[in-house]
Amino acid sequence: MNTKGRIYGINGPVIYIKGPTKFRMNEMVYVGSEKLVGEVITLDKSRTTIQVFEETAGLSPGEEVVGTGTSMSLTLGPGILNNIFDGIERPLRDIAEKSGAFIDRGVSVESLDFGKLWNTHITVKPGDEVNPGTIIANVPETKAIVHKVMVPPGVKGVVDTVKPDGDYHIDDVIVTISLENGGKKDLTMVQKWPIRTPRPVIERHFTDRPLVTGQRILDSMFPIAKGGTVAIPGGFGTGKTMTQHQIAKWSDADIIIYIGCGERGNEMTQVLEDFKELVDPKSGNPLMDRTVLIANTSNMPVAAREASIYTGVTLAEYYRDMGYDVAIMADSTSRWAEALRELSGRLEEMPAEEGFPAYLASKLSAFYERAGRVENLNHTEGSVTIIGAVSPQGGDFSEPVTQNTKRFVRAFMGLDKSLAYARHFPAINWLISYSEYITDMTSWYAKNVDKDFMNNRNTLLAILNKESSLMEIVKLIGSDVLPEDQKLTLEIARVIRVGFLQQNAFHKDDTCVPLEKQNLMMETILYLDKRSKELVSKGMPVSVLRETGIFDKIIAIKYDVPNDKPEMFADYRKAIDNYVLAVLEKNA
């Protein structure tokens with residue numbers, strides 16, 4: 001029986017019902033004659049407060065609010081991939097067909113297509129015992145991903161009857177099981193799950209392997225773990241969205257969930273247009289075949305913006321349970337925090353720093369804690385990696401969202417305005433960025449790439465740090481007064497910055513670089529450093545070394561050596577040796 005009430009007060013996206021009600025916390029409700037979707041957020045004996053996920057203009061006191069008896073939940077099943085949803089899992093393509101380019105209030109569209117037939121292969125037989133998470137059917141959802149239909153959490157029994165392989169709708173009964181209590185349960189391809197409740201797992205694993213992105217400053221300098229958490233903070237125009245795009249396009253995650261949370265509409269349009277045209281380098285299929293987009297632009301209601309983060313992470317956990325590695329791009333959590341701030345203000349809660357609610361930190365932690373590499377209920381292994389962009393006003397990293405996010409993530413990629421304006425991309429500042437996954441993944445790199453990989457990385461970072469110290473002196477008195485060995489450090493640091501850290505997203509080889517080439521590039525730069533030091537120790541000035549053009553030749557490796565021809569690096573070692581001999585002969 002549906003619970004009902006009547007609107008007493010309206011304050012933007014927040015409405016009130018006076019007096020005691022029978023609504024439940026986090027219950028999904030329909031508000032007014034247009035049945036706007038809402039959620040119960042506070043309850044006491046004198047008042048019920050509801051946040052509405054749609055525009056409330058035109059609502060009036062006295063209109064009816066009807067409860068659904070269930071929490072705000074997602075419909076999970078085949079048809080999620082290659083789709084574009086809003087913040088509460090309404091498919092925007094279907095809405096556009098029904099109401100045009102602008103979303104009508106109260107538009108009712110099924111999250112998934114219940115009319116489509118899916119080629120279904122049943123993987124269980126009568127008499128099989130099934131537990132929560134057991135895979136009962138395989139459905140080719142796209143050319144890239146097989147959707148594994150699972151027994152919902154909390155359901156256990158013995159298979160009674162199964163349908164033959166064939167084409168079925170997602171709500172057709174494909175398996176019937178006998179429960180332990182003697183009852184029967186019909187299983188379809190669809191299950192519901194509340195967005196604010198993490199899906200259960202058997203065990204969380206150690207994050208000891210990287211999410212390989214093909215971006216050198218990430219993979220080599222500040223690696224991201226599969227199942228890890230990352231913050232990418234930066235001011236306007238520093239490249240947060242483009243960094244996330246590169247990770248989404250080239251990382252070795254099986255599935256990408258891209259959440260445009262409060263972003264500008266033109267940015268989301270660019271995402272949609274880009275992703276439709278991109279080809280997945282792993283399979284040759286369209287990238288959208290393994291991508292879900294959640295579009296929640298800045299002009300959409302703030303309550304839906306707040307929900308979009310949970311929608312994205314719930315979809316990610318669902319595919320993780322099938323045994324896939326999922327990467328979430330949340331762009332940006334600052335807009336989400338601003339939605340929390342606005343709702344908190346409407347609720348007349350006591351503000352904390354900069355007006356954000358006092359529970360900002362706990363909300364952020366609850367979101368990032370849903371990342372992880374886990375053993376699923378069906379004993380497969382999957383992961384959810386959360387990469388959250390942060391948009392601090394004025395690029396001030398001391399503001400509350402950035403500072404609280406740093407407490408709950410283990411990798412921090414600080415974007416630098418001066419690097420971005422100098423056209424250095426990715427504009428990640430290597431002096432303020434860090435990854436706490438380094439020690440966890442050292443053995444993985446040693447086993448799968450090269451035993452000296454991390455030593456090479458540490459040496460390059462030490463040179464960059466030394467350059468930073470020397471630049472303080474150079475700014476005061478110029479570089480001419482530096483001893484030759486320190487001038488060489490500055491020159492090698494330039495090679496690292498321009499030839500290794502800077503990357504061209506529009507170059508066919510440089511946009512995504514395999515780990516083997518990244519390591520060979522580091523080794524070549526360090527070999528150049530070693531042989532140049534030998535010359536400097538013999539009294540050769542750096543100006544003479546610079547005239548040979550060897551430093552620019554090594555910088556150009558990123559373009560001149562194709563990714564599939566690592567054997568060419570031997571020629572560069574010879575070139576360095578020849579350069580040393582030429583300098584010695586010329587100055588003998």
# chains A, B, ... in the order shown; residues from 1 in each chain; ligands from 1

$ residues_around --residues "Pro541 in chain A" --least-positions-apart "2" --cutoff "12 Å" --atoms "only C-alpha atoms" --output "ChimeraX atom specification"
/A:480,482-488,532-539,543-547,583-584,587

$ residues_around --residues "Asn266 in chain A" --least-positions-apart "3" --cutoff "12 Å" --atoms "only C-alpha atoms" --output "MDAnalysis selection string"
chainID A and resid 260 262:263 269:273 295:299

$ residues_around --residues "Ile525 in chain A" --least-positions-apart "5" --cutoff "12 Å" --atoms "only C-alpha atoms" --output "count of residues only"
35

$ residues_around --residues "Asn455 in chain A" --least-positions-apart "5" --cutoff "10 Å" --atoms "only C-alpha atoms" --output "list in words"
Thr442, Ala446, Asp450, Leu460 and Leu461 of chain A

$ write_last_selection --atoms "N, CA and C atoms" --output "PDB file, in the first residue's frame"
ATOM      1  N   THR A 442      55.714  -1.880  -6.753  1.00  0.00           N
ATOM      2  CA  THR A 442      57.103  -2.033  -7.191  1.00  0.00           C
ATOM      3  C   THR A 442      57.373  -3.438  -7.714  1.00  0.00           C
ATOM      4  N   ALA A 446      58.524  -4.688 -11.487  1.00  0.00           N
ATOM      5  CA  ALA A 446      59.753  -5.470 -11.639  1.00  0.00           C
ATOM      6  C   ALA A 446      59.490  -6.771 -12.389  1.00  0.00           C
ATOM      7  N   ASP A 450      60.296  -4.224 -15.959  1.00  0.00           N
ATOM      8  CA  ASP A 450      61.755  -4.287 -15.823  1.00  0.00           C
ATOM      9  C   ASP A 450      62.098  -4.145 -14.353  1.00  0.00           C
ATOM     10  N   LEU A 460      64.738   9.854 -12.156  1.00  0.00           N
ATOM     11  CA  LEU A 460      64.194  10.973 -12.935  1.00  0.00           C
ATOM     12  C   LEU A 460      63.523  11.997 -12.033  1.00  0.00           C
ATOM     13  N   LEU A 461      62.782  11.515 -11.044  1.00  0.00           N
ATOM     14  CA  LEU A 461      62.082  12.428 -10.134  1.00  0.00           C
ATOM     15  C   LEU A 461      63.083  13.213  -9.289  1.00  0.00           C
TER      16      LEU A 461
END

$ select_by_dssp --residues "range 98-222 of chain A" --states "helix (DSSP H, G or I)" --output "list in words"
Lys98, Ser99, Arg216, Ile217, Leu218, Asp219, Ser220 and Met221 of chain A

$ write_last_selection --atoms "N, CA and C atoms" --output "PDB file, in the first residue's frame"
ATOM      1  N   LYS A  98      10.849  11.107 -26.954  1.00  0.00           N
ATOM      2  CA  LYS A  98       9.507  11.281 -26.398  1.00  0.00           C
ATOM      3  C   LYS A  98       9.144  12.744 -26.206  1.00  0.00           C
ATOM      4  N   SER A  99      10.109  13.564 -25.771  1.00  0.00           N
ATOM      5  CA  SER A  99       9.766  14.944 -25.418  1.00  0.00           C
ATOM      6  C   SER A  99      10.601  15.996 -26.131  1.00  0.00           C
ATOM      7  N   ARG A 216      52.505   8.754 -19.707  1.00  0.00           N
ATOM      8  CA  ARG A 216      53.789   8.504 -19.029  1.00  0.00           C
ATOM      9  C   ARG A 216      53.843   9.071 -17.616  1.00  0.00           C
ATOM     10  N   ILE A 217      53.318  10.287 -17.425  1.00  0.00           N
ATOM     11  CA  ILE A 217      53.435  10.882 -16.088  1.00  0.00           C
ATOM     12  C   ILE A 217      52.595  10.121 -15.078  1.00  0.00           C
ATOM     13  N   LEU A 218      51.560   9.415 -15.567  1.00  0.00           N
ATOM     14  CA  LEU A 218      50.749   8.602 -14.657  1.00  0.00           C
ATOM     15  C   LEU A 218      51.376   7.226 -14.461  1.00  0.00           C
ATOM     16  N   ASP A 219      51.627   6.514 -15.550  1.00  0.00           N
ATOM     17  CA  ASP A 219      52.109   5.137 -15.431  1.00  0.00           C
ATOM     18  C   ASP A 219      53.495   5.044 -14.792  1.00  0.00           C
ATOM     19  N   SER A 220      54.382   5.982 -15.131  1.00  0.00           N
ATOM     20  CA  SER A 220      55.764   5.892 -14.654  1.00  0.00           C
ATOM     21  C   SER A 220      56.008   6.683 -13.379  1.00  0.00           C
ATOM     22  N   MET A 221      55.445   7.880 -13.298  1.00  0.00           N
ATOM     23  CA  MET A 221      55.743   8.754 -12.158  1.00  0.00           C
ATOM     24  C   MET A 221      54.760   8.579 -11.001  1.00  0.00           C
TER      25      MET A 221
END

$ closest_residue --among "A:Leu515, A:Ile428, A:Ile135, A:Ile17" --to "Val65 in chain A" --atoms "only C-alpha atoms"
A:Ile17

$ residues_around --residues "range 388-401 of chain A" --least-positions-apart "2" --cutoff "6 Å" --atoms "only C-alpha atoms" --output "PyMOL selection string"
chain A and resi 231-235+330-334+403-405

$ residues_around --residues "range 29-41 of chain A" --least-positions-apart "5" --cutoff "6 Å" --atoms "only C-alpha atoms" --output "MDAnalysis selection string"
chainID A and resid 49:53 63:68 106

$ write_last_selection --atoms "all heavy atoms" --output "PDB file, in the first residue's frame"
ATOM      1  N   THR A  49      10.903  15.749   5.049  1.00  0.00           N
ATOM      2  CA  THR A  49      11.579  16.560   4.029  1.00  0.00           C
ATOM      3  C   THR A  49      11.966  15.676   2.861  1.00  0.00           C
ATOM      4  O   THR A  49      12.502  14.579   3.040  1.00  0.00           O
ATOM      5  CB  THR A  49      12.836  17.219   4.613  1.00  0.00           C
ATOM      6  OG1 THR A  49      12.487  17.919   5.805  1.00  0.00           O
ATOM      7  CG2 THR A  49      13.445  18.196   3.625  1.00  0.00           C
ATOM      8  N   ILE A  50      11.701  16.178   1.653  1.00  0.00           N
ATOM      9  CA  ILE A  50      11.948  15.418   0.424  1.00  0.00           C
ATOM     10  C   ILE A  50      12.758  16.280  -0.535  1.00  0.00           C
ATOM     11  O   ILE A  50      12.461  17.464  -0.714  1.00  0.00           O
ATOM     12  CB  ILE A  50      10.611  15.005  -0.233  1.00  0.00           C
ATOM     13  CG1 ILE A  50       9.863  14.009   0.673  1.00  0.00           C
ATOM     14  CG2 ILE A  50      10.820  14.416  -1.625  1.00  0.00           C
ATOM     15  CD1 ILE A  50       8.414  13.810   0.310  1.00  0.00           C
ATOM     16  N   GLN A  51      13.807  15.695  -1.130  1.00  0.00           N
ATOM     17  CA  GLN A  51      14.522  16.395  -2.212  1.00  0.00           C
ATOM     18  C   GLN A  51      13.978  15.888  -3.542  1.00  0.00           C
ATOM     19  O   GLN A  51      13.797  14.686  -3.741  1.00  0.00           O
ATOM     20  CB  GLN A  51      16.028  16.194  -2.120  1.00  0.00           C
ATOM     21  CG  GLN A  51      16.537  14.782  -2.308  1.00  0.00           C
ATOM     22  CD  GLN A  51      18.061  14.707  -2.276  1.00  0.00           C
ATOM     23  OE1 GLN A  51      18.741  15.726  -2.260  1.00  0.00           O
ATOM     24  NE2 GLN A  51      18.595  13.490  -2.257  1.00  0.00           N
ATOM     25  N   VAL A  52      13.697  16.805  -4.444  1.00  0.00           N
ATOM     26  CA  VAL A  52      13.097  16.469  -5.736  1.00  0.00           C
ATOM     27  C   VAL A  52      14.178  16.540  -6.808  1.00  0.00           C
ATOM     28  O   VAL A  52      14.930  17.517  -6.887  1.00  0.00           O
ATOM     29  CB  VAL A  52      11.936  17.432  -6.074  1.00  0.00           C
ATOM     30  CG1 VAL A  52      11.273  17.032  -7.387  1.00  0.00           C
ATOM     31  CG2 VAL A  52      10.909  17.433  -4.939  1.00  0.00           C
ATOM     32  N   PHE A  53      14.251  15.505  -7.632  1.00  0.00           N
ATOM     33  CA  PHE A  53      15.304  15.411  -8.644  1.00  0.00           C
ATOM     34  C   PHE A  53      14.950  16.133  -9.939  1.00  0.00           C
ATOM     35  O   PHE A  53      15.678  16.021 -10.923  1.00  0.00           O
ATOM     36  CB  PHE A  53      15.617  13.942  -8.939  1.00  0.00           C
ATOM     37  CG  PHE A  53      16.153  13.190  -7.751  1.00  0.00           C
ATOM     38  CD1 PHE A  53      15.488  12.094  -7.237  1.00  0.00           C
ATOM     39  CD2 PHE A  53      17.326  13.590  -7.137  1.00  0.00           C
ATOM     40  CE1 PHE A  53      15.981  11.396  -6.145  1.00  0.00           C
ATOM     41  CE2 PHE A  53      17.840  12.898  -6.049  1.00  0.00           C
ATOM     42  CZ  PHE A  53      17.155  11.805  -5.548  1.00  0.00           C
ATOM     43  N   GLU A  63      -0.552  19.727  -3.121  1.00  0.00           N
ATOM     44  CA  GLU A  63      -0.445  18.631  -4.084  1.00  0.00           C
ATOM     45  C   GLU A  63       0.026  17.358  -3.380  1.00  0.00           C
ATOM     46  O   GLU A  63       0.712  17.396  -2.364  1.00  0.00           O
ATOM     47  CB  GLU A  63       0.515  19.009  -5.215  1.00  0.00           C
ATOM     48  CG  GLU A  63      -0.020  20.108  -6.131  1.00  0.00           C
ATOM     49  CD  GLU A  63       0.765  20.214  -7.421  1.00  0.00           C
ATOM     50  OE1 GLU A  63       0.901  19.184  -8.117  1.00  0.00           O
ATOM     51  OE2 GLU A  63       1.244  21.322  -7.734  1.00  0.00           O
ATOM     52  N   GLU A  64      -0.341  16.241  -3.977  1.00  0.00           N
ATOM     53  CA  GLU A  64      -0.121  14.949  -3.324  1.00  0.00           C
ATOM     54  C   GLU A  64       1.289  14.416  -3.563  1.00  0.00           C
ATOM     55  O   GLU A  64       1.879  14.613  -4.617  1.00  0.00           O
ATOM     56  CB  GLU A  64      -1.141  13.935  -3.857  1.00  0.00           C
ATOM     57  CG  GLU A  64      -1.198  12.641  -3.048  1.00  0.00           C
ATOM     58  CD  GLU A  64      -2.355  11.751  -3.462  1.00  0.00           C
ATOM     59  OE1 GLU A  64      -2.396  11.348  -4.643  1.00  0.00           O
ATOM     60  OE2 GLU A  64      -3.216  11.472  -2.623  1.00  0.00           O
ATOM     61  N   VAL A  65       1.827  13.755  -2.529  1.00  0.00           N
ATOM     62  CA  VAL A  65       3.107  13.043  -2.610  1.00  0.00           C
ATOM     63  C   VAL A  65       2.816  11.573  -2.334  1.00  0.00           C
ATOM     64  O   VAL A  65       2.216  11.231  -1.309  1.00  0.00           O
ATOM     65  CB  VAL A  65       4.128  13.583  -1.587  1.00  0.00           C
ATOM     66  CG1 VAL A  65       5.437  12.809  -1.687  1.00  0.00           C
ATOM     67  CG2 VAL A  65       4.364  15.064  -1.790  1.00  0.00           C
ATOM     68  N   VAL A  66       3.236  10.702  -3.255  1.00  0.00           N
ATOM     69  CA  VAL A  66       2.940   9.275  -3.143  1.00  0.00           C
ATOM     70  C   VAL A  66       4.244   8.497  -3.003  1.00  0.00           C
ATOM     71  O   VAL A  66       5.153   8.644  -3.817  1.00  0.00           O
ATOM     72  CB  VAL A  66       2.165   8.766  -4.379  1.00  0.00           C
ATOM     73  CG1 VAL A  66       1.859   7.271  -4.245  1.00  0.00           C
ATOM     74  CG2 VAL A  66       0.885   9.555  -4.571  1.00  0.00           C
ATOM     75  N   GLY A  67       4.341   7.673  -1.973  1.00  0.00           N
ATOM     76  CA  GLY A  67       5.527   6.847  -1.760  1.00  0.00           C
ATOM     77  C   GLY A  67       5.504   5.590  -2.611  1.00  0.00           C
ATOM     78  O   GLY A  67       4.430   5.106  -2.991  1.00  0.00           O
ATOM     79  N   THR A  68       6.694   5.072  -2.915  1.00  0.00           N
ATOM     80  CA  THR A  68       6.788   3.830  -3.691  1.00  0.00           C
ATOM     81  C   THR A  68       7.040   2.618  -2.807  1.00  0.00           C
ATOM     82  O   THR A  68       6.910   1.479  -3.251  1.00  0.00           O
ATOM     83  CB  THR A  68       7.936   3.929  -4.722  1.00  0.00           C
ATOM     84  OG1 THR A  68       9.175   4.116  -4.014  1.00  0.00           O
ATOM     85  CG2 THR A  68       7.713   5.092  -5.669  1.00  0.00           C
ATOM     86  N   GLY A 106       8.602  15.326 -15.141  1.00  0.00           N
ATOM     87  CA  GLY A 106       7.738  14.177 -14.892  1.00  0.00           C
ATOM     88  C   GLY A 106       7.723  13.154 -16.008  1.00  0.00           C
ATOM     89  O   GLY A 106       6.911  12.232 -15.976  1.00  0.00           O
TER      90      GLY A 106
END

$ residues_around --residues "range 352-367 of chain A" --least-positions-apart "3" --cutoff "8 Å" --atoms "only C-alpha atoms" --output "list of chain:residue names"
A:Ile309, A:Tyr310, A:Val313, A:Ala337, A:Glu338, A:Leu340, A:Arg341, A:Ser344, A:Glu349, A:Arg370, A:Ala371, A:Pro400, A:Val401, A:Asn404, A:Thr405, A:Phe408

$ closest_residue --among "A:Asp208, A:Glu375, A:Glu436, A:Asp171" --to "Thr75 in chain A" --atoms "only C-alpha atoms"
A:Asp171

$ closest_residue --among "A:Ala303, A:Ile255, A:Val190, A:Leu581" --to "Thr56 in chain A" --atoms "only C-alpha atoms"
A:Ala303
